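K.L.:
Once you've had a glance at the structure underneath, I'll fire off some questions.
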2 protein chains.
Amino acid sequence: MTAATDHAVFAAGDVTLQSGLVFPDMKLAYRTFGRLNPARDNAILYPTSFSAQHHDTQWLVARDGVLDPERYFVIIPNLFGNGLSSSPSNAPAALVDGRFPLVTYHDAVALQHRLLVEELGIDRLALVYGWSMGGMQAYHWAALYPEMVERAAVVCGSARCSPFNHVFLEGVKAALTADPAYRDGRFVSQPVAGMRAMGRVYAGWALSHDFYRQEAWRGLGFVSLEDFLARSWDGAFARRDANDLLAQIETWQAGDVSRCPQFGGDLPAALAAIRARILLMPGLTDSYFQVGDNEAERPLLVNARSVELSPIPSIYGHRAGNPIHIAADRAFLRHKIDALLAQ
Amino acid sequence: MTAATDHAVFAAGDVTLQSGLVFPDMKLAYRTFGRLNPARDNAILYPTSFSAQHHDTQWLVARDGVLDPERYFVIIPNLFGNGLSSSPSNAPAALVDGRFPLVTYHDAVALQHRLLVEELGIDRLALVYGWSMGGMQAYHWAALYPEMVERAAVVCGSARCSPFNHVFLEGVKAALTADPAYRDGRFVSQPVAGMRAMGRVYAGWALSHDFYRQEAWRGLGFVSLEDFLARSWDGAFARRDANDLLAQIETWQAGDVSRCPQFGGDLPAALAAIRARILLMPGLTDSYFQVGDNEAERPLLVNARSVELSPIPSIYGHRAGNPIHIAADRAFLRHKIDALLAQ
């Protein structure tokens, strides 16, 4: 960890991606909380979600929080494309101009594995916990390193990107790239109208019909629907580089735990490889990671030590899984994770 | 009806809108099918939906179709902003440059009423039938002219635009207006990227998770998901003028049957004014006009002669209500409308 930042960087060197392309000098930024115990069995991996950096997600790590750093050694690896780990915004110019390559979840998880083994001396994970794209990474961990993962909590995530989820993202992407700053396949400057459009499109997807009907934004400190859209969504993604956002959407859309030589696209085979205790927590009103996605996966988890499917009973849609401002959902998550860790 | 077109135009003269603004030389384009019987009691009004012209919706009017022109005199009034009736694309330049005014459903229905009474000699409607924005117009008809409307079929519509529906449209609008052709509040030329973005955003909203999971696009003649998005959605709205689309979205978002002096924003009062037989047919998997919207309205229809709420059991989302290519949904609609007309 350098003095100027709150995180460390694992320099992975030149990395051959799943696609065969060699990514030069690939970097994985991460932050840790708590201490690894002498038995080295209290590590929790907590990968990041779409557009998030560890700053955005670390609230979950707190004494009396969902992940307790007094008891656990929590590692947050920043997902590629988030602006801290290797991303279009910080990659060598040659990669950017020649298009930033697809970095799959398999690529991300492989680098995270190297971080744990080579850098942190960890060969067992008490838990992999992830929300949204983080949940998809948790699924990949459980299937690709079954001997290492004791538990996996997939919160508003799935083993692969469903077609509906793909279409949702096509809309987000088309809105962002309708901006004039998008030329020949990449942004030559930061878009303004495109960022706002992406935020407004997202607003309808991330929260539920009931959230809006009940005007639950009032409880979040907004005075009108337009105030909520303007202050909460119009600038929601503008803090990120637009090319970084596109890179992560590409990762998301390509997400499929079975899409690798080991499983050859056979989802049942990939899910049968999982031996961990699995906790699936979709949001009851999530529009794009739907409960039905997890319901379809459940019978395929034939070798998991245990499987629990507990939808979060919430009107907060996809946000139910990252309930920084939603006490009831936070309590639900904490209760479920406490129980999982006690097993 | 002129020789060059398949429709007639009702020239309404200068019309004072709900907003107080006078719309000069306002025009209502319409097409009729069948004949008014001597008793003048076989008229059906069938208003158009978002971005549609009568060409797009008249398939429903057919012998053995949902609306039978051998028995009924069917009138399709084109909604303002659709490019045939008064719209930004055909309005006097002064209106366009100074912003096309908000034309509410109340305005539209008032002009349709004049068309029926002044031009066609109709003072009773056996049925007002509408899908989507057409369904919203049907609701307005039933509440504003209760003595005239015997039956109303609201297909995937609601009495007012729900907040969730509003947010969906905010996304659509933001995607369209992210295009560089949008300047200072209007399009100075036809957008390309914005039209595509709007189509891709719409694709996720108009059809359901199950539609995409089951790859039901195969049954519609597409060979891949991308083929479906590209051929069915990227150009879906490009046949319309972009400023026209914005005008109709404004009508849609402002939609509220109670938003007039007569009802003063009191939705229960507006719905209590309805005396017709009401058939509510939301799509079971419709994302933006949700079943819950109609369920909330139902107990407020206290003076309706009868009320039936029959969700269309379909995976085709909002499209279930305009099932030109979906035989099962078409049969469902026809069966329900036959029964309603027999009452």
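If you're wondering about the labels, chains in the structure tokens are A, B, ... by order shown, residues count from 1 in each chain, ligands from 1 in order shown.
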Counting only C-alpha atoms, which residues of chain B come no farther than 6 Å from chain A, as a ChimeraX atom specification?
P.N.:
/B:163-164,167-168,171,174-175,178-180,193-194,197,200-201,204,209,212-213
K.L.:
For the selection just defined, write its residues with N, CA and C atoms to a file, as a short mmCIF file (atom, residue, chain, number, x, y, z; two decimals), in the first residue's frame.
P.N.:
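Resulting contents of part36.cif:
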```cif
data_model
loop_
_atom_site.label_atom_id
_atom_site.label_comp_id
_atom_site.auth_asym_id
_atom_site.auth_seq_id
_atom_site.Cartn_x
_atom_site.Cartn_y
_atom_site.Cartn_z
N PRO B 163 -45.79 6.61 -11.86
CA PRO B 163 -44.42 7.12 -11.73
C PRO B 163 -43.38 6.21 -12.39
N PHE B 164 -43.58 4.90 -12.31
CA PHE B 164 -42.62 3.97 -12.92
C PHE B 164 -42.63 4.12 -14.43
N VAL B 167 -40.77 7.13 -15.37
CA VAL B 167 -39.32 6.94 -15.32
C VAL B 167 -38.84 6.15 -16.54
N PHE B 168 -39.59 5.13 -16.92
CA PHE B 168 -39.28 4.40 -18.16
C PHE B 168 -39.17 5.38 -19.33
N GLY B 171 -36.09 7.53 -19.47
CA GLY B 171 -34.95 6.83 -20.05
C GLY B 171 -35.00 6.84 -21.57
N ALA B 174 -34.25 10.41 -22.71
CA ALA B 174 -32.84 10.77 -22.53
C ALA B 174 -31.97 10.07 -23.57
N ALA B 175 -32.31 8.83 -23.91
CA ALA B 175 -31.55 8.10 -24.93
C ALA B 175 -31.70 8.80 -26.29
N ALA B 178 -29.88 12.22 -26.38
CA ALA B 178 -28.41 12.24 -26.23
C ALA B 178 -27.74 12.48 -27.58
N ASP B 179 -28.52 12.38 -28.62
CA ASP B 179 -28.00 12.55 -29.98
C ASP B 179 -27.60 14.00 -30.24
N PRO B 180 -26.52 14.20 -31.01
CA PRO B 180 -26.08 15.58 -31.29
C PRO B 180 -27.09 16.39 -32.10
N ALA B 193 -28.03 7.96 -34.08
CA ALA B 193 -27.66 7.22 -32.88
C ALA B 193 -28.77 7.28 -31.84
N GLY B 194 -29.43 8.42 -31.73
CA GLY B 194 -30.50 8.57 -30.75
C GLY B 194 -31.67 7.65 -31.05
N ALA B 197 -30.62 4.21 -30.10
CA ALA B 197 -30.59 4.08 -28.65
C ALA B 197 -31.99 3.92 -28.10
N ARG B 200 -33.18 0.40 -28.74
CA ARG B 200 -32.55 -0.61 -27.87
C ARG B 200 -33.04 -0.51 -26.44
N VAL B 201 -33.27 0.72 -25.98
CA VAL B 201 -33.82 0.88 -24.63
C VAL B 201 -35.22 0.28 -24.58
N GLY B 204 -35.87 -3.68 -24.16
CA GLY B 204 -35.87 -4.32 -22.85
C GLY B 204 -37.16 -4.11 -22.09
N HIS B 209 -38.82 -10.87 -19.58
CA HIS B 209 -37.71 -11.75 -19.27
C HIS B 209 -37.93 -13.13 -19.91
N TYR B 212 -37.43 -13.29 -23.70
CA TYR B 212 -36.02 -13.40 -24.11
C TYR B 212 -35.41 -14.73 -23.69
N ARG B 213 -35.78 -15.23 -22.51
CA ARG B 213 -35.23 -16.51 -22.07
C ARG B 213 -35.65 -17.63 -23.00
#
```
K.L.:
Just list the residues in segment 213-275 of chain B DSSP gives alpha helix (DSSP H) on the backbone, as a list in words.
P.N.:
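Alpha helix (DSSP H) members of segment 213-275 of chain B, listed: Arg213, Leu225, Glu226, Asp227, Phe228, Ala242, Asn243, Asp244, Leu245, Leu246, Ala247, Gln248, Ile249, Glu250, Thr251, Trp252, Gln253, Leu267, Pro268, Ala269, Ala270, Leu271 and Ala272 of chain B.
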K.L.:
One decimal, in Å: what's the spacing between atom CA of Ala236 of chain B and atom CA of Asp107 of chain B?
P.N.:
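A separation of 27.0 Å between them.
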K.L.:
Within segment 73-220 of chain B, find each residue whose DSSP state, derived from the backbone, is strand (DSSP E), and express the selection as an MDAnalysis selection string.
P.N.:
chainID B and resid 73:77 127:131 151:155 182:183 186:187
K.L.:
Taking 2 positions as the minimum chain separation for residues in the same chain, which residues sit within 8 Å of His140 of chain B when counting only C-alpha atoms? Answer as an mmCIF file with N, CA and C atoms, in the first residue's frame.
P.N.:
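The result, stored in result-v4.cif:
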```
data_model
loop_
_atom_site.group_PDB
_atom_site.id
_atom_site.type_symbol
_atom_site.label_atom_id
_atom_site.label_comp_id
_atom_site.auth_asym_id
_atom_site.auth_seq_id
_atom_site.Cartn_x
_atom_site.Cartn_y
_atom_site.Cartn_z
ATOM 1 N N TYR B 105 -54.220 14.261 -23.338
ATOM 2 C CA TYR B 105 -55.283 13.330 -23.733
ATOM 3 C C TYR B 105 -56.638 14.040 -23.693
ATOM 4 N N HIS B 106 -56.804 14.938 -22.733
ATOM 5 C CA HIS B 106 -58.063 15.690 -22.678
ATOM 6 C C HIS B 106 -58.259 16.485 -23.964
ATOM 7 N N VAL B 109 -59.059 13.916 -26.788
ATOM 8 C CA VAL B 109 -60.395 13.343 -26.687
ATOM 9 C C VAL B 109 -61.462 14.397 -27.020
ATOM 10 N N MET B 136 -55.178 4.565 -22.640
ATOM 11 C CA MET B 136 -55.304 5.752 -21.792
ATOM 12 C C MET B 136 -56.384 6.680 -22.352
ATOM 13 N N GLN B 137 -56.433 6.798 -23.670
ATOM 14 C CA GLN B 137 -57.491 7.612 -24.283
ATOM 15 C C GLN B 137 -58.869 7.002 -24.026
ATOM 16 N N ALA B 138 -58.956 5.668 -24.077
ATOM 17 C CA ALA B 138 -60.238 5.011 -23.812
ATOM 18 C C ALA B 138 -60.723 5.342 -22.394
ATOM 19 N N ALA B 142 -64.196 7.352 -21.287
ATOM 20 C CA ALA B 142 -65.205 6.809 -20.371
ATOM 21 C C ALA B 142 -65.500 7.771 -19.222
ATOM 22 N N ALA B 143 -64.477 8.495 -18.785
ATOM 23 C CA ALA B 143 -64.667 9.410 -17.654
ATOM 24 C C ALA B 143 -65.234 10.760 -18.088
ATOM 25 N N LEU B 144 -64.866 11.206 -19.294
ATOM 26 C CA LEU B 144 -65.255 12.557 -19.722
ATOM 27 C C LEU B 144 -66.596 12.586 -20.455
ATOM 28 N N ALA B 159 -55.285 4.757 -16.142
ATOM 29 C CA ALA B 159 -56.013 6.027 -16.075
ATOM 30 C C ALA B 159 -55.063 7.211 -15.966
ATOM 31 N N VAL B 257 -56.337 11.097 -16.146
ATOM 32 C CA VAL B 257 -57.739 11.343 -16.452
ATOM 33 C C VAL B 257 -58.342 12.406 -15.527
#
```
K.L.:
Go through A:Ala320, A:Leu271, A:Arg99, A:Tyr46 and flag the residue nearest Asp184 of chain A, using only C-alpha atoms for the distances.
P.N.:
A:Arg99
K.L.:
Residues near segment 67-81 of chain B, anyone? I mean within 7 Å using only C-alpha atoms, not counting same-chain ones fewer than 5 positions away, as an mmCIF file with N, CA and C atoms, in the first residue's frame.
P.N.:
```cif
data_model
loop_
_atom_site.group_PDB
_atom_site.id
_atom_site.type_symbol
_atom_site.label_atom_id
_atom_site.label_comp_id
_atom_site.auth_asym_id
_atom_site.auth_seq_id
_atom_site.Cartn_x
_atom_site.Cartn_y
_atom_site.Cartn_z
ATOM 1 N N LEU B 28 -57.201 16.785 -37.307
ATOM 2 C CA LEU B 28 -57.314 15.427 -36.783
ATOM 3 C C LEU B 28 -57.524 14.473 -37.951
ATOM 4 N N ALA B 29 -56.527 13.654 -38.217
ATOM 5 C CA ALA B 29 -56.631 12.675 -39.301
ATOM 6 C C ALA B 29 -57.298 11.406 -38.765
ATOM 7 N N TYR B 30 -58.171 10.827 -39.581
ATOM 8 C CA TYR B 30 -58.863 9.617 -39.101
ATOM 9 C C TYR B 30 -59.209 8.724 -40.282
ATOM 10 N N ARG B 31 -59.445 7.494 -39.957
ATOM 11 C CA ARG B 31 -59.925 6.575 -40.982
ATOM 12 C C ARG B 31 -61.104 5.794 -40.417
ATOM 13 N N THR B 32 -62.047 5.511 -41.271
ATOM 14 C CA THR B 32 -63.204 4.731 -40.823
ATOM 15 C C THR B 32 -63.294 3.420 -41.597
ATOM 16 N N PHE B 33 -63.956 2.471 -40.974
ATOM 17 C CA PHE B 33 -64.145 1.133 -41.564
ATOM 18 C C PHE B 33 -65.602 0.736 -41.314
ATOM 19 N N GLY B 34 -66.220 0.157 -42.301
ATOM 20 C CA GLY B 34 -67.613 -0.275 -42.141
ATOM 21 C C GLY B 34 -68.573 0.899 -42.248
ATOM 22 N N ARG B 35 -69.826 0.656 -41.826
ATOM 23 C CA ARG B 35 -70.859 1.682 -41.980
ATOM 24 C C ARG B 35 -71.605 1.884 -40.674
ATOM 25 N N LEU B 36 -71.988 3.123 -40.472
ATOM 26 C CA LEU B 36 -72.833 3.427 -39.330
ATOM 27 C C LEU B 36 -74.230 2.904 -39.666
ATOM 28 N N ASN B 42 -73.722 1.472 -33.620
ATOM 29 C CA ASN B 42 -72.690 0.442 -33.836
ATOM 30 C C ASN B 42 -71.293 1.047 -34.030
ATOM 31 N N ALA B 43 -71.072 2.230 -33.445
ATOM 32 C CA ALA B 43 -69.766 2.882 -33.632
ATOM 33 C C ALA B 43 -68.756 2.419 -32.576
ATOM 34 N N ILE B 44 -67.556 2.166 -33.045
ATOM 35 C CA ILE B 44 -66.429 1.828 -32.160
ATOM 36 C C ILE B 44 -65.303 2.819 -32.430
ATOM 37 N N LEU B 45 -64.812 3.435 -31.373
ATOM 38 C CA LEU B 45 -63.680 4.354 -31.519
ATOM 39 C C LEU B 45 -62.412 3.618 -31.088
ATOM 40 N N TYR B 46 -61.382 3.734 -31.896
ATOM 41 C CA TYR B 46 -60.163 2.949 -31.684
ATOM 42 C C TYR B 46 -58.954 3.876 -31.829
ATOM 43 N N PRO B 47 -58.633 4.641 -30.780
ATOM 44 C CA PRO B 47 -57.525 5.611 -30.864
ATOM 45 C C PRO B 47 -56.173 4.911 -30.974
ATOM 46 N N THR B 48 -55.192 5.644 -31.485
ATOM 47 C CA THR B 48 -53.882 5.042 -31.766
ATOM 48 C C THR B 48 -52.943 5.095 -30.556
ATOM 49 N N GLN B 53 -49.531 5.132 -36.492
ATOM 50 C CA GLN B 53 -50.552 5.737 -37.339
ATOM 51 C C GLN B 53 -51.600 4.653 -37.604
ATOM 52 N N HIS B 54 -52.707 5.048 -38.178
ATOM 53 C CA HIS B 54 -53.766 4.042 -38.368
ATOM 54 C C HIS B 54 -53.287 2.869 -39.209
ATOM 55 N N LEU B 60 -56.208 -4.782 -36.659
ATOM 56 C CA LEU B 60 -57.164 -5.310 -35.679
ATOM 57 C C LEU B 60 -58.590 -5.275 -36.217
ATOM 58 N N VAL B 61 -58.801 -4.415 -37.207
ATOM 59 C CA VAL B 61 -60.133 -4.243 -37.790
ATOM 60 C C VAL B 61 -60.240 -5.154 -39.000
ATOM 61 N N ALA B 62 -60.916 -6.257 -38.849
ATOM 62 C CA ALA B 62 -61.004 -7.223 -39.945
ATOM 63 C C ALA B 62 -62.151 -8.186 -39.674
ATOM 64 N N SER B 86 -52.185 16.791 -36.279
ATOM 65 C CA SER B 86 -51.246 17.883 -35.999
ATOM 66 C C SER B 86 -50.091 17.395 -35.133
ATOM 67 N N SER B 87 -48.903 17.743 -35.571
ATOM 68 C CA SER B 87 -47.664 17.233 -34.975
ATOM 69 C C SER B 87 -46.576 18.267 -35.197
ATOM 70 N N PRO B 88 -45.491 18.175 -34.454
ATOM 71 C CA PRO B 88 -44.361 19.070 -34.743
ATOM 72 C C PRO B 88 -43.923 19.009 -36.211
ATOM 73 N N ALA B 108 -56.947 15.764 -26.873
ATOM 74 C CA ALA B 108 -57.156 14.811 -27.967
ATOM 75 C C ALA B 108 -58.589 14.286 -27.968
ATOM 76 N N GLN B 112 -61.602 14.532 -30.728
ATOM 77 C CA GLN B 112 -62.244 13.312 -31.234
ATOM 78 C C GLN B 112 -63.762 13.409 -31.030
ATOM 79 N N ASP B 244 -41.778 14.682 -33.223
ATOM 80 C CA ASP B 244 -43.102 14.086 -33.028
ATOM 81 C C ASP B 244 -43.068 13.094 -31.861
ATOM 82 N N LEU B 245 -42.024 12.283 -31.820
ATOM 83 C CA LEU B 245 -41.912 11.306 -30.736
ATOM 84 C C LEU B 245 -41.875 12.006 -29.380
ATOM 85 N N ALA B 247 -43.129 14.870 -28.639
ATOM 86 C CA ALA B 247 -44.453 15.432 -28.338
ATOM 87 C C ALA B 247 -45.375 14.360 -27.764
ATOM 88 N N GLN B 248 -45.319 13.171 -28.333
ATOM 89 C CA GLN B 248 -46.197 12.115 -27.819
ATOM 90 C C GLN B 248 -45.751 11.625 -26.441
#
```
K.L.:
Just checking: using only C-alpha atoms, which residue out of A:Ala269, A:Met133, A:Cys156, A:Ala110 ends up closest to Leu284 of chain A?
P.N.:
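Counting only C-alpha atoms, the residue closest to Leu284 of chain A is A:Cys156.
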K.L.:
Nearest to Arg330 of chain A: which of A:Ile274, A:Leu115, A:Ala91, A:Val66 is it, counting only C-alpha atoms?
P.N.:
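Using only C-alpha atoms, Arg330 of chain A sits closest to A:Val66.
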K.L.:
Can you list, as number ranges by chain, every protein, DNA or RNA residue that comes within 12 Å of Glu308 of chain B when you count only C-alpha atoms, leaving out same-chain residues fewer than 4 positions away?
P.N.:
B: 151-155, 276-282, 294-295, 297-299, 301, 304, 336-337, 339-340
K.L.:
Would you output that residue set with N, CA and C atoms, as an mmCIF file, in the first residue's frame?
P.N.:
```
data_model
loop_
_atom_site.group_PDB
_atom_site.id
_atom_site.type_symbol
_atom_site.label_atom_id
_atom_site.label_comp_id
_atom_site.auth_asym_id
_atom_site.auth_seq_id
_atom_site.Cartn_x
_atom_site.Cartn_y
_atom_site.Cartn_z
ATOM 1 N N ARG B 151 -69.155 1.033 -23.536
ATOM 2 C CA ARG B 151 -68.122 0.074 -23.121
ATOM 3 C C ARG B 151 -66.747 0.680 -23.397
ATOM 4 N N ALA B 152 -65.803 0.314 -22.561
ATOM 5 C CA ALA B 152 -64.424 0.730 -22.814
ATOM 6 C C ALA B 152 -63.505 -0.453 -22.548
ATOM 7 N N ALA B 153 -62.633 -0.714 -23.492
ATOM 8 C CA ALA B 153 -61.630 -1.768 -23.332
ATOM 9 C C ALA B 153 -60.260 -1.100 -23.258
ATOM 10 N N VAL B 154 -59.653 -1.211 -22.092
ATOM 11 C CA VAL B 154 -58.346 -0.596 -21.854
ATOM 12 C C VAL B 154 -57.313 -1.719 -21.890
ATOM 13 N N VAL B 155 -56.572 -1.779 -22.969
ATOM 14 C CA VAL B 155 -55.619 -2.869 -23.165
ATOM 15 C C VAL B 155 -54.212 -2.339 -22.874
ATOM 16 N N ALA B 276 -69.602 3.268 -17.949
ATOM 17 C CA ALA B 276 -69.532 2.219 -18.973
ATOM 18 C C ALA B 276 -69.219 0.847 -18.376
ATOM 19 N N ARG B 277 -69.378 -0.153 -19.205
ATOM 20 C CA ARG B 277 -68.798 -1.467 -18.887
ATOM 21 C C ARG B 277 -67.307 -1.357 -19.175
ATOM 22 N N ILE B 278 -66.501 -1.722 -18.192
ATOM 23 C CA ILE B 278 -65.053 -1.541 -18.326
ATOM 24 C C ILE B 278 -64.358 -2.901 -18.374
ATOM 25 N N LEU B 279 -63.552 -3.063 -19.385
ATOM 26 C CA LEU B 279 -62.722 -4.263 -19.488
ATOM 27 C C LEU B 279 -61.267 -3.828 -19.437
ATOM 28 N N LEU B 280 -60.571 -4.238 -18.380
ATOM 29 C CA LEU B 280 -59.154 -3.904 -18.221
ATOM 30 C C LEU B 280 -58.336 -5.129 -18.585
ATOM 31 N N MET B 281 -57.491 -4.992 -19.580
ATOM 32 C CA MET B 281 -56.678 -6.126 -20.020
ATOM 33 C C MET B 281 -55.203 -5.762 -20.044
ATOM 34 N N PRO B 282 -54.585 -5.697 -18.883
ATOM 35 C CA PRO B 282 -53.137 -5.473 -18.862
ATOM 36 C C PRO B 282 -52.426 -6.736 -19.348
ATOM 37 N N ASN B 294 -53.806 -1.391 -12.877
ATOM 38 C CA ASN B 294 -55.243 -1.625 -13.062
ATOM 39 C C ASN B 294 -55.896 -2.166 -11.794
ATOM 40 N N GLU B 295 -55.158 -2.969 -11.053
ATOM 41 C CA GLU B 295 -55.708 -3.491 -9.794
ATOM 42 C C GLU B 295 -56.023 -2.352 -8.825
ATOM 43 N N GLU B 297 -56.855 0.642 -9.732
ATOM 44 C CA GLU B 297 -57.972 1.431 -10.267
ATOM 45 C C GLU B 297 -59.323 0.742 -10.035
ATOM 46 N N ARG B 298 -59.284 -0.551 -10.101
ATOM 47 C CA ARG B 298 -60.525 -1.323 -10.103
ATOM 48 C C ARG B 298 -61.509 -0.930 -8.993
ATOM 49 N N PRO B 299 -61.072 -0.874 -7.724
ATOM 50 C CA PRO B 299 -62.047 -0.524 -6.673
ATOM 51 C C PRO B 299 -62.574 0.905 -6.779
ATOM 52 N N LEU B 301 -63.697 2.180 -9.583
ATOM 53 C CA LEU B 301 -64.685 2.228 -10.672
ATOM 54 C C LEU B 301 -66.063 1.893 -10.097
ATOM 55 N N ALA B 304 -69.215 2.096 -12.573
ATOM 56 C CA ALA B 304 -69.176 1.402 -13.858
ATOM 57 C C ALA B 304 -70.258 0.325 -13.873
ATOM 58 N N LYS B 336 -62.413 -11.933 -25.534
ATOM 59 C CA LYS B 336 -62.837 -10.995 -24.492
ATOM 60 C C LYS B 336 -63.673 -9.856 -25.061
ATOM 61 N N ILE B 337 -63.285 -9.373 -26.235
ATOM 62 C CA ILE B 337 -64.025 -8.260 -26.834
ATOM 63 C C ILE B 337 -65.382 -8.737 -27.354
ATOM 64 N N ALA B 339 -67.143 -11.042 -26.025
ATOM 65 C CA ALA B 339 -67.988 -11.174 -24.828
ATOM 66 C C ALA B 339 -68.445 -9.804 -24.330
ATOM 67 N N LEU B 340 -67.539 -8.848 -24.377
ATOM 68 C CA LEU B 340 -67.893 -7.501 -23.912
ATOM 69 C C LEU B 340 -68.981 -6.902 -24.798
#
```
K.L.:
Just to confirm, what's the straight-line distance from atom CA of Ser314 of chain A to atom CA of Ala52 of chain A in Å (one decimal)?
P.N.:
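Taking atom CA of Ser314 of chain A and atom CA of Ala52 of chain A, their separation equals 22.1 Å.
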K.L.:
At a cut-off of 9 Å, using only C-alpha atoms, what residues contact Met26 of chain B? Leave out same-chain residues fewer than 2 positions from it and give the result as a list in words.
P.N.:
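Near neighbours after the sequence-gap exclusion: Phe10, Ala11, Ala12, Gly13, Asp14, Val15, Phe23, Pro24, Leu28, Ser85, Ser86 and Ala91 of chain B.
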K.L.:
Take the residues from that selection and put them in a file with all heavy atoms, as a short mmCIF file (atom, residue, chain, number, x, y, z; two decimals), in the first residue's frame.
P.N.:
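And here is the file that came out, out_22.cif:
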```
data_model
loop_
_atom_site.label_atom_id
_atom_site.label_comp_id
_atom_site.auth_asym_id
_atom_site.auth_seq_id
_atom_site.Cartn_x
_atom_site.Cartn_y
_atom_site.Cartn_z
N PHE B 10 -60.21 15.93 -40.23
CA PHE B 10 -61.18 16.83 -39.62
C PHE B 10 -60.44 18.12 -39.28
O PHE B 10 -59.52 18.13 -38.45
CB PHE B 10 -61.77 16.19 -38.36
CG PHE B 10 -62.66 17.11 -37.57
CD1 PHE B 10 -63.85 17.60 -38.11
CD2 PHE B 10 -62.33 17.48 -36.27
CE1 PHE B 10 -64.68 18.45 -37.37
CE2 PHE B 10 -63.16 18.33 -35.53
CZ PHE B 10 -64.34 18.81 -36.09
N ALA B 11 -60.82 19.21 -39.95
CA ALA B 11 -60.17 20.50 -39.71
C ALA B 11 -60.92 21.20 -38.58
O ALA B 11 -62.06 21.62 -38.74
CB ALA B 11 -60.19 21.34 -40.97
N ALA B 12 -60.28 21.26 -37.44
CA ALA B 12 -60.96 21.75 -36.24
C ALA B 12 -60.85 23.25 -36.05
O ALA B 12 -61.41 23.81 -35.12
CB ALA B 12 -60.39 21.03 -35.01
N GLY B 13 -60.09 23.91 -36.93
CA GLY B 13 -59.91 25.35 -36.77
C GLY B 13 -58.95 25.65 -35.63
O GLY B 13 -58.14 24.80 -35.24
N ASP B 14 -59.05 26.85 -35.11
CA ASP B 14 -58.17 27.23 -34.00
C ASP B 14 -58.75 26.64 -32.71
O ASP B 14 -59.92 26.87 -32.38
CB ASP B 14 -58.08 28.75 -33.88
CG ASP B 14 -57.44 29.37 -35.12
OD1 ASP B 14 -56.85 28.60 -35.92
OD2 ASP B 14 -57.53 30.59 -35.29
N VAL B 15 -57.93 25.91 -32.01
CA VAL B 15 -58.41 25.16 -30.84
C VAL B 15 -57.69 25.62 -29.58
O VAL B 15 -56.45 25.65 -29.54
CB VAL B 15 -58.16 23.65 -31.05
CG1 VAL B 15 -58.53 22.88 -29.78
CG2 VAL B 15 -58.95 23.14 -32.24
N PHE B 23 -54.13 26.57 -30.47
CA PHE B 23 -53.44 25.85 -31.54
C PHE B 23 -54.13 26.23 -32.84
O PHE B 23 -55.31 25.95 -33.03
CB PHE B 23 -53.55 24.33 -31.30
CG PHE B 23 -52.57 23.53 -32.12
CD1 PHE B 23 -51.57 22.80 -31.51
CD2 PHE B 23 -52.66 23.50 -33.50
CE1 PHE B 23 -50.66 22.06 -32.26
CE2 PHE B 23 -51.76 22.76 -34.26
CZ PHE B 23 -50.76 22.05 -33.63
N PRO B 24 -53.38 26.86 -33.75
CA PRO B 24 -54.02 27.33 -34.98
C PRO B 24 -54.27 26.20 -35.99
O PRO B 24 -53.41 25.35 -36.19
CB PRO B 24 -52.99 28.32 -35.54
CG PRO B 24 -51.68 27.87 -34.99
CD PRO B 24 -51.95 27.20 -33.67
N LEU B 28 -57.20 16.79 -37.31
CA LEU B 28 -57.31 15.43 -36.78
C LEU B 28 -57.52 14.47 -37.95
O LEU B 28 -58.56 14.52 -38.63
CB LEU B 28 -58.51 15.34 -35.81
CG LEU B 28 -58.93 13.97 -35.31
CD1 LEU B 28 -57.77 13.25 -34.62
CD2 LEU B 28 -60.10 14.08 -34.35
N SER B 85 -52.09 13.47 -37.76
CA SER B 85 -52.79 14.58 -37.10
C SER B 85 -51.75 15.65 -36.77
O SER B 85 -50.54 15.45 -36.98
CB SER B 85 -53.49 14.08 -35.83
OG SER B 85 -54.57 13.23 -36.19
N SER B 86 -52.19 16.79 -36.28
CA SER B 86 -51.25 17.88 -36.00
C SER B 86 -50.09 17.39 -35.13
O SER B 86 -50.29 16.74 -34.10
CB SER B 86 -51.98 19.04 -35.31
OG SER B 86 -52.84 19.68 -36.22
N ALA B 91 -46.73 21.03 -38.22
CA ALA B 91 -47.37 22.21 -37.62
C ALA B 91 -46.80 23.49 -38.21
O ALA B 91 -45.72 23.49 -38.79
CB ALA B 91 -47.17 22.19 -36.11
#
```
K.L.:
Closest to Arg114 of chain A among A:Trp59, A:Tyr145, A:Tyr316, A:Phe228, using only C-alpha atoms?
P.N.:
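Closest to Arg114 of chain A of all the choices is A:Tyr145.
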K.L.:
To one decimal place, how far is atom CA of Ala254 of chain B from atom CA of Thr104 of chain B in Å?
P.N.:
6.8 Å
